[in-house]
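A.B. asks: So here's model05.cif (mmCIF, C-alpha atoms).
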```cif
data_structure
loop_
_atom_site.group_PDB
_atom_site.id
_atom_site.type_symbol
_atom_site.label_atom_id
_atom_site.label_comp_id
_atom_site.auth_asym_id
_atom_site.auth_seq_id
_atom_site.Cartn_x
_atom_site.Cartn_y
_atom_site.Cartn_z
ATOM 1 C CA PRO A 30 102.405 89.251 129.181
ATOM 2 C CA LEU A 31 102.130 86.790 126.325
ATOM 3 C CA ASP A 32 103.462 83.252 126.606
ATOM 4 C CA LEU A 33 105.494 83.308 123.397
ATOM 5 C CA ASN A 34 106.434 79.636 123.883
ATOM 6 C CA HIS A 35 102.781 78.676 123.333
ATOM 7 C CA PRO A 36 101.360 80.909 120.586
ATOM 8 C CA PRO A 37 97.819 80.407 119.318
ATOM 9 C CA SER A 38 96.955 79.215 115.822
ATOM 10 C CA PHE A 39 97.868 81.278 112.774
ATOM 11 C CA LYS A 40 94.209 82.224 112.333
ATOM 12 C CA GLU A 41 94.015 83.454 115.936
ATOM 13 C CA ILE A 42 97.200 85.504 115.496
ATOM 14 C CA MET A 43 95.760 87.228 112.428
ATOM 15 C CA THR A 44 92.085 87.595 113.341
ATOM 16 C CA GLY A 45 91.705 86.893 117.061
ATOM 17 C CA PRO A 46 90.602 89.612 119.466
ATOM 18 C CA ASP A 47 94.109 90.117 120.931
ATOM 19 C CA PRO A 48 96.430 91.923 118.447
ATOM 20 C CA ARG A 49 99.470 91.508 120.702
ATOM 21 C CA TRP A 50 100.316 88.134 119.146
ATOM 22 C CA PHE A 51 100.547 89.706 115.701
ATOM 23 C CA LEU A 52 102.545 92.668 116.999
ATOM 24 C CA GLU A 53 105.152 90.559 118.785
ATOM 25 C CA LEU A 54 105.349 87.524 116.486
ATOM 26 C CA ALA A 55 104.914 89.056 113.035
ATOM 27 C CA THR A 56 106.048 92.689 113.043
ATOM 28 C CA LYS A 57 109.417 94.380 113.063
ATOM 29 C CA ILE A 58 109.966 98.097 113.527
ATOM 30 C CA PRO A 59 112.626 100.624 112.574
ATOM 31 C CA THR A 60 114.819 101.732 115.485
ATOM 32 C CA GLN A 61 117.984 103.770 115.800
ATOM 33 C CA TYR A 62 119.786 100.396 115.826
ATOM 34 C CA GLY A 63 118.196 99.097 112.626
ATOM 35 C CA ILE A 64 115.084 96.997 112.029
ATOM 36 C CA LYS A 65 114.288 94.999 115.172
ATOM 37 C CA PRO A 66 111.525 92.688 116.438
ATOM 38 C CA ASN A 67 108.595 94.547 117.942
ATOM 39 C CA ILE A 68 108.834 94.005 121.700
ATOM 40 C CA LEU A 69 105.819 95.494 123.454
ATOM 41 C CA PHE A 70 106.146 97.819 126.427
ATOM 42 C CA PRO A 71 103.970 97.029 129.488
ATOM 43 C CA TRP A 72 101.500 99.806 128.605
ATOM 44 C CA MET A 73 101.021 98.220 125.166
ATOM 45 C CA HIS A 74 100.024 94.939 126.782
ATOM 46 C CA GLN A 75 97.446 96.783 128.901
ATOM 47 C CA VAL A 76 96.004 98.808 126.009
ATOM 48 C CA ASN A 77 95.953 95.969 123.471
ATOM 49 C CA TYR A 78 94.835 93.169 125.800
ATOM 50 C CA GLN A 79 91.141 93.790 125.187
ATOM 51 C CA GLY A 80 91.576 94.205 121.446
ATOM 52 C CA LEU A 81 90.676 97.064 119.164
ATOM 53 C CA GLN A 82 87.583 99.003 120.185
ATOM 54 C CA PRO A 83 85.318 100.912 117.758
ATOM 55 C CA ARG A 84 86.372 104.237 119.316
ATOM 56 C CA GLN A 85 89.572 104.719 121.291
ATOM 57 C CA ILE A 86 91.089 107.944 122.567
ATOM 58 C CA MET A 87 94.531 107.987 124.149
ATOM 59 C CA LEU A 88 96.296 110.812 125.971
ATOM 60 C CA LYS A 89 99.967 109.881 125.887
ATOM 61 C CA SER A 90 103.401 111.117 126.796
ATOM 62 C CA ARG A 91 106.037 111.703 124.116
ATOM 63 C CA GLU A 92 108.229 109.037 122.555
ATOM 64 C CA ILE A 93 106.489 105.978 124.003
ATOM 65 C CA GLY A 94 105.807 104.230 120.705
ATOM 66 C CA SER A 95 102.077 104.950 120.641
ATOM 67 C CA THR A 96 101.816 105.789 116.940
ATOM 68 C CA THR A 97 103.944 102.752 116.071
ATOM 69 C CA ASN A 98 101.677 100.552 118.192
ATOM 70 C CA TRP A 99 98.480 101.785 116.550
ATOM 71 C CA ILE A 100 99.965 101.505 113.068
ATOM 72 C CA GLY A 101 100.787 97.846 113.816
ATOM 73 C CA VAL A 102 97.328 97.119 115.208
ATOM 74 C CA LEU A 103 95.656 98.728 112.189
ATOM 75 C CA VAL A 104 98.017 97.118 109.645
ATOM 76 C CA ARG A 105 96.738 93.777 110.968
ATOM 77 C CA GLU A 106 93.176 94.939 110.323
ATOM 78 C CA VAL A 107 94.030 96.075 106.794
ATOM 79 C CA LEU A 108 95.629 92.691 106.026
ATOM 80 C CA THR A 109 92.574 90.752 107.191
ATOM 81 C CA HIS A 110 89.844 92.995 105.764
ATOM 82 C CA PRO A 111 90.186 93.336 101.975
ATOM 83 C CA GLY A 112 88.833 96.689 100.871
ATOM 84 C CA GLY A 113 89.397 98.152 104.349
ATOM 85 C CA ASN A 114 91.462 101.278 103.775
ATOM 86 C CA LEU A 115 93.402 102.973 106.580
ATOM 87 C CA ILE A 116 93.812 106.735 106.811
ATOM 88 C CA ILE A 117 96.479 108.119 109.108
ATOM 89 C CA ALA A 118 95.613 111.756 109.803
ATOM 90 C CA ALA A 119 98.830 113.380 110.998
ATOM 91 C CA ASP A 120 99.428 116.828 112.390
ATOM 92 C CA ARG A 121 102.029 117.698 109.745
ATOM 93 C CA GLU A 122 103.623 116.297 106.610
ATOM 94 C CA GLU A 123 106.794 115.075 108.348
ATOM 95 C CA ASN A 124 104.748 112.883 110.698
ATOM 96 C CA ALA A 125 102.630 111.585 107.808
ATOM 97 C CA VAL A 126 105.790 110.521 105.966
ATOM 98 C CA ASN A 127 107.166 108.840 109.104
ATOM 99 C CA ALA A 128 103.906 106.965 109.650
ATOM 100 C CA ILE A 129 104.064 105.474 106.150
ATOM 101 C CA LYS A 130 107.733 104.546 106.719
ATOM 102 C CA TYR A 131 106.784 102.587 109.845
ATOM 103 C CA ALA A 132 103.890 100.859 108.095
ATOM 104 C CA LYS A 133 106.114 100.000 105.134
ATOM 105 C CA VAL A 134 108.865 98.511 107.349
ATOM 106 C CA MET A 135 106.281 96.414 109.196
ATOM 107 C CA ILE A 136 104.758 95.112 105.975
ATOM 108 C CA GLU A 137 108.035 94.478 104.138
ATOM 109 C CA ASN A 138 109.323 92.432 107.086
ATOM 110 C CA LEU A 139 106.231 90.283 107.634
ATOM 111 C CA PRO A 140 106.585 86.517 107.224
ATOM 112 C CA GLU A 141 106.176 85.579 103.548
ATOM 113 C CA ARG A 142 102.962 83.717 104.339
ATOM 114 C CA ILE A 143 101.139 86.938 105.188
ATOM 115 C CA LYS A 144 103.130 89.609 103.340
ATOM 116 C CA PRO A 145 100.908 91.387 100.803
ATOM 117 C CA ARG A 146 102.164 92.557 97.436
ATOM 118 C CA ILE A 147 102.801 96.280 97.526
ATOM 119 C CA GLY A 148 101.774 98.160 94.407
ATOM 120 C CA LYS A 149 102.047 101.907 94.244
ATOM 121 C CA ASN A 150 103.950 103.378 97.166
ATOM 122 C CA ASN A 151 105.399 106.775 97.924
ATOM 123 C CA GLU A 152 105.943 108.979 100.954
ATOM 124 C CA THR A 153 102.276 109.025 101.926
ATOM 125 C CA LEU A 154 100.675 105.997 100.237
ATOM 126 C CA LEU A 155 100.939 102.196 100.294
ATOM 127 C CA GLU A 156 98.627 100.285 97.926
ATOM 128 C CA PHE A 157 97.840 96.561 98.153
ATOM 129 C CA PRO A 158 96.331 95.643 94.778
ATOM 130 C CA ASP A 159 95.566 92.023 95.693
ATOM 131 C CA LEU A 160 93.585 93.139 98.745
ATOM 132 C CA GLY A 161 91.934 96.098 97.051
ATOM 133 C CA ASN A 162 92.928 98.543 99.759
ATOM 134 C CA HIS A 163 95.570 101.020 100.841
ATOM 135 C CA ILE A 164 97.134 102.922 103.715
ATOM 136 C CA LYS A 165 97.277 106.670 103.207
ATOM 137 C CA ALA A 166 98.802 109.280 105.500
ATOM 138 C CA LEU A 167 97.413 112.793 105.316
ATOM 139 C CA PRO A 168 99.715 115.736 105.968
ATOM 140 C CA GLY A 169 97.525 117.840 108.239
ATOM 141 C CA THR A 170 96.096 120.319 105.771
ATOM 142 C CA ILE A 171 92.449 121.286 106.155
ATOM 143 C CA LYS A 172 91.475 119.968 102.710
ATOM 144 C CA SER A 173 92.941 116.524 103.463
ATOM 145 C CA GLY A 174 90.508 113.640 103.666
ATOM 146 C CA ARG A 175 87.494 115.140 101.965
ATOM 147 C CA SER A 176 87.583 112.710 99.036
ATOM 148 C CA GLU A 177 88.769 109.688 101.036
ATOM 149 C CA ARG A 178 86.824 106.612 102.199
ATOM 150 C CA ALA A 179 88.214 104.289 104.850
ATOM 151 C CA LEU A 180 87.242 101.634 107.360
ATOM 152 C CA TYR A 181 90.022 102.678 109.751
ATOM 153 C CA LEU A 182 91.216 106.087 110.901
ATOM 154 C CA LEU A 183 94.243 106.823 113.063
ATOM 155 C CA ALA A 184 94.199 110.468 114.156
ATOM 156 C CA THR A 185 97.685 111.101 115.496
ATOM 157 C CA GLU A 186 98.868 114.105 117.540
ATOM 158 C CA MET A 187 95.388 115.588 117.249
ATOM 159 C CA ALA A 188 96.056 118.264 119.898
ATOM 160 C CA PHE A 189 98.561 119.816 117.474
ATOM 161 C CA TRP A 190 96.319 119.922 114.396
ATOM 162 C CA GLU A 191 95.898 123.363 112.869
ATOM 163 C CA SER A 192 92.244 124.210 112.149
ATOM 164 C CA ASP A 193 91.464 121.053 114.106
ATOM 165 C CA ASP A 194 87.676 121.279 113.808
ATOM 166 C CA VAL A 195 87.807 121.624 109.992
ATOM 167 C CA TYR A 196 90.406 118.846 109.607
ATOM 168 C CA TRP A 197 88.463 116.573 111.976
ATOM 169 C CA ASN A 198 85.208 117.054 110.074
ATOM 170 C CA ALA A 199 86.992 116.107 106.841
ATOM 171 C CA VAL A 200 88.786 112.988 108.089
ATOM 172 C CA GLN A 201 86.090 111.558 110.342
ATOM 173 C CA GLY A 202 83.636 112.069 107.511
ATOM 174 C CA ALA A 203 85.783 109.707 105.434
ATOM 175 C CA VAL A 204 85.150 106.791 107.817
ATOM 176 C CA VAL A 205 82.444 104.471 106.527
ATOM 177 C CA GLU A 206 79.662 103.025 108.658
ATOM 178 C CA GLY A 207 81.044 100.485 111.112
ATOM 179 C CA GLY A 208 84.522 101.993 110.864
ATOM 180 C CA ILE A 209 87.062 102.162 113.665
ATOM 181 C CA ILE A 210 88.641 105.403 114.881
ATOM 182 C CA VAL A 211 91.722 105.684 117.088
ATOM 183 C CA ILE A 212 92.715 109.141 118.330
ATOM 184 C CA GLU A 213 96.023 109.651 120.112
ATOM 185 C CA SER A 214 97.986 112.702 121.131
ATOM 186 C CA THR A 215 100.284 114.236 123.658
ATOM 187 C CA ALA A 216 98.713 117.085 125.583
ATOM 188 C CA ASN A 217 98.790 120.619 124.174
ATOM 189 C CA GLY A 218 96.848 122.812 126.570
ATOM 190 C CA THR A 219 93.095 123.001 126.879
ATOM 191 C CA ASN A 220 92.119 125.162 123.927
ATOM 192 C CA ASN A 221 91.827 122.455 121.268
ATOM 193 C CA LEU A 222 89.439 119.821 119.957
ATOM 194 C CA PHE A 223 91.475 116.936 121.387
ATOM 195 C CA HIS A 224 91.112 118.328 124.915
ATOM 196 C CA ASP A 225 87.387 118.897 124.365
#
```
Write out the structure in this file as C-alpha cells.

C.D. replies:
Amino acid sequence: PLDLNHPPSFKEIMTGPDPRWFLELATKIPTQYGIKPNILFPWMHQVNYQGLQPRQIMLKSREIGSTTNWIGVLVREVLTHPGGNLIIAADREENAVNAIKYAKVMIENLPERIKPRIGKNNETLLEFPDLGNHIKALPGTIKSGRSERALYLLATEMAFWESDDVYWNAVQGAVVEGGIIVIESTANGTNNLFHD
C-alpha cells in the first residue's frame, strides 16, 4: 500500500515508475454513488507496483475495475507525453463509449495544475490541442484502427472481439515503434485470439 501521508514530489507522481500515486492522489472515477476518489483495490497495487510494462496481458474476472485502472494509468502517460495518442480498442460500441466517459471524468476532475484543455470531444474521442494528442475509443468493427497512429493501445475485452484476428491486425498495426500495449479481458472459451 501507498503511504498517502508522505507522497513523493509532483514530478514523481506524474512521471515516476509507480502510477499508483497518480491514480490515488489525482484521479476520480464515476461510480453508482457519483464521482468519487479513486481508491485502489489490492490487486491494483500488485499490478501497478512495478509500473507500466511495454507489453502487458491480463486475464481478469468481471467487474473488478480493470478497464478503469488501465485507462487511468494510460491517461497519465498521455498527459506526460505530448503527441502520444491512446487508442482504446473495445469489443463493442457501448464499451467504447463507456471508456471515453471514464477517461473524460478522470481528466475533468484532475487538479487544475495538471488538467489539460479539452478540445473536440464526443462519445469516442477526447482531443488535447495543447498537448497535440488525443484519446480515441474504437467500437470493435474490423475496419477500426487502420488509419490510426498511437503510442498507447488498450485492447479491452479482447476475448469477445468479433473477427478478432482482423481487428487485432488493424489496431496493433496502429502502434508506433516503442509503443505500449495493454491487453485485458475476461475469459471466453479457448477458441479466440486472446486465449491463444

A.B. asks: Leaving out Ser173 (chain A) and any residue of its chain fewer than 4 positions from it, which residues lie within 7 Å of it when counting all atoms listed in the file, given as a ChimeraX atom specification?

C.D. replies: /A:167,169,199

A.B. asks: I need the residues from that last selection saved to file as a compact mmCIF listing (two decimals), in the frame of the given file (with C-alpha atoms), if you can.

C.D. replies:
```txt
# COMPACT_ATOMS: atom_id res chain seq x y z
CA LEU A 167 97.41 112.79 105.32
CA GLY A 169 97.52 117.84 108.24
CA ALA A 199 86.99 116.11 106.84
```

A.B. asks: Rank A:Thr96, A:Asn221, A:Gln201, A:Ser90 by their smallest atom-to-atom distance to Asn124 (chain A), using all atoms listed in the file, and report the top residue only.

C.D. replies: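 Between A:Thr96, A:Asn221, A:Gln201, A:Ser90, the residue approaching Asn124 (chain A) most closely is A:Thr96.
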
A.B. asks: Report the distance between CA of Trp99 (chain A) and CA of Val211 (chain A) in Å, rounded to one decimal place.

C.D. replies: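 Spanning CA of Trp99 (chain A) to CA of Val211 (chain A) is a straight-line distance of 7.8 Å.
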
A.B. asks: Within 8 Å of Arg146 (chain A), counting all atoms listed in the file, which residues show up once you throw out same-chain ones fewer than 6 positions away? Write them as JSON, numbers by chain, please.

C.D. replies: {"A": [157, 158, 159]}

A.B. asks: Can you tell me how far CA of Thr60 (chain A) sits from CA of Phe223 (chain A), in Å to one decimal?

C.D. replies: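 One can read the CA of Thr60 (chain A) to CA of Phe223 (chain A) distance as 28.5 Å.
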
A.B. asks: Do you know which residues the PyMOL selection byres ((chain A and resi 43) around 10) returns on this file, as a compact mmCIF listing (two decimals) with C-alpha atoms, in the frame of the given file?

C.D. replies:
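out-v7.txt, written as the output of this step:
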```txt
# COMPACT_ATOMS: atom_id res chain seq x y z
CA PRO A 37 97.82 80.41 119.32
CA SER A 38 96.96 79.22 115.82
CA PHE A 39 97.87 81.28 112.77
CA LYS A 40 94.21 82.22 112.33
CA GLU A 41 94.02 83.45 115.94
CA ILE A 42 97.20 85.50 115.50
CA THR A 44 92.08 87.60 113.34
CA GLY A 45 91.70 86.89 117.06
CA PRO A 46 90.60 89.61 119.47
CA ASP A 47 94.11 90.12 120.93
CA PRO A 48 96.43 91.92 118.45
CA TRP A 50 100.32 88.13 119.15
CA PHE A 51 100.55 89.71 115.70
CA LEU A 52 102.54 92.67 117.00
CA ALA A 55 104.91 89.06 113.04
CA ARG A 105 96.74 93.78 110.97
CA GLU A 106 93.18 94.94 110.32
CA LEU A 108 95.63 92.69 106.03
CA THR A 109 92.57 90.75 107.19
CA ILE A 143 101.14 86.94 105.19
```

A.B. asks: Just the residues within 6 Å of region 176-193 of chain A, please, counting all atoms listed in the file, with nothing from its chain fewer than 2 positions along; format it as a PyMOL selection string.

C.D. replies: chain A and resi 113-120+174+195-197+203-205+208-214+217+223

A.B. asks: Calculate how many Å separate CA of Arg49 (chain A) from CA of Val104 (chain A), rounding to one decimal.

C.D. replies: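 Separating CA of Arg49 (chain A) from CA of Val104 (chain A) is a distance of 12.5 Å.
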
A.B. asks: If the box runs along x, y and z of the file and leaves 6 Å on each side of region 144-156 of chain A, what are its centre and edge lengths in Å, one decimal, as AutoDock Vina command-line options?

C.D. replies:
```
--center_x 102.3 --center_y 99.3 --center_z 98.8 --size_x 19.3 --size_y 31.4 --size_z 21.1
```

A.B. asks: Got a sec: who's within 10 Å of Ile93 (chain A), counting all atoms listed in the file, leaving out chain neighbours fewer than 3 positions off, as number ranges by chain?

C.D. replies: A: 70, 72-73, 89-90, 96-98

A.B. asks: Output the selection as a compact mmCIF listing (two decimals), in the frame of the given file - C-alpha atoms for each residue.

C.D. replies:
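Final output, part_12.txt:
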```txt
# COMPACT_ATOMS: atom_id res chain seq x y z
CA PHE A 70 106.15 97.82 126.43
CA TRP A 72 101.50 99.81 128.60
CA MET A 73 101.02 98.22 125.17
CA LYS A 89 99.97 109.88 125.89
CA SER A 90 103.40 111.12 126.80
CA THR A 96 101.82 105.79 116.94
CA THR A 97 103.94 102.75 116.07
CA ASN A 98 101.68 100.55 118.19
```

A.B. asks: List the spatial neighbours of Pro145 (chain A) as a ChimeraX atom specification - criterion: any atom at most 12 Å away, only C-alpha atoms, same-chain residues fewer than 2 positions off excluded.

C.D. replies: /A:104-105,107-109,111,133,135-143,147-148,155-163

A.B. asks: Export, as an mmCIF file, in the coordinates of the input, the selected residues with C-alpha atoms.

C.D. replies:
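Contents of part_7.cif, freshly written:
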```
data_model
loop_
_atom_site.group_PDB
_atom_site.id
_atom_site.type_symbol
_atom_site.label_atom_id
_atom_site.label_comp_id
_atom_site.auth_asym_id
_atom_site.auth_seq_id
_atom_site.Cartn_x
_atom_site.Cartn_y
_atom_site.Cartn_z
ATOM 1 C CA VAL A 104 98.017 97.118 109.645
ATOM 2 C CA ARG A 105 96.738 93.777 110.968
ATOM 3 C CA VAL A 107 94.030 96.075 106.794
ATOM 4 C CA LEU A 108 95.629 92.691 106.026
ATOM 5 C CA THR A 109 92.574 90.752 107.191
ATOM 6 C CA PRO A 111 90.186 93.336 101.975
ATOM 7 C CA LYS A 133 106.114 100.000 105.134
ATOM 8 C CA MET A 135 106.281 96.414 109.196
ATOM 9 C CA ILE A 136 104.758 95.112 105.975
ATOM 10 C CA GLU A 137 108.035 94.478 104.138
ATOM 11 C CA ASN A 138 109.323 92.432 107.086
ATOM 12 C CA LEU A 139 106.231 90.283 107.634
ATOM 13 C CA PRO A 140 106.585 86.517 107.224
ATOM 14 C CA GLU A 141 106.176 85.579 103.548
ATOM 15 C CA ARG A 142 102.962 83.717 104.339
ATOM 16 C CA ILE A 143 101.139 86.938 105.188
ATOM 17 C CA ILE A 147 102.801 96.280 97.526
ATOM 18 C CA GLY A 148 101.774 98.160 94.407
ATOM 19 C CA LEU A 155 100.939 102.196 100.294
ATOM 20 C CA GLU A 156 98.627 100.285 97.926
ATOM 21 C CA PHE A 157 97.840 96.561 98.153
ATOM 22 C CA PRO A 158 96.331 95.643 94.778
ATOM 23 C CA ASP A 159 95.566 92.023 95.693
ATOM 24 C CA LEU A 160 93.585 93.139 98.745
ATOM 25 C CA GLY A 161 91.934 96.098 97.051
ATOM 26 C CA ASN A 162 92.928 98.543 99.759
ATOM 27 C CA HIS A 163 95.570 101.020 100.841
#
```

A.B. asks: Name the residues that the PyMOL selection byres ((chain A and resi 67) around 8) picks from the file above, as a list in words, using the file's chain letters and numbers.

C.D. replies: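 On the file shown, the PyMOL selection byres ((chain A and resi 67) around 8) covers Leu52, Glu53, Leu54, Thr56, Lys57, Ile58, Lys65, Pro66, Ile68 and Leu69 of chain A.
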
A.B. asks: So which one's closest to Ile86 (chain A), A:Gly63, A:Thr219, A:Asp194, A:His224? Using only C-alpha atoms, please.

C.D. replies: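 Ranked by minimum distance to Ile86 (chain A), first place goes to A:His224.
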
A.B. asks: Determine the nearest neighbour of Gln82 (chain A) from the options A:Lys130, A:Val102, A:Glu206, A:Ala216, counting all atoms listed in the file.

C.D. replies: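 So, comparing all the options, the nearest one is A:Val102.
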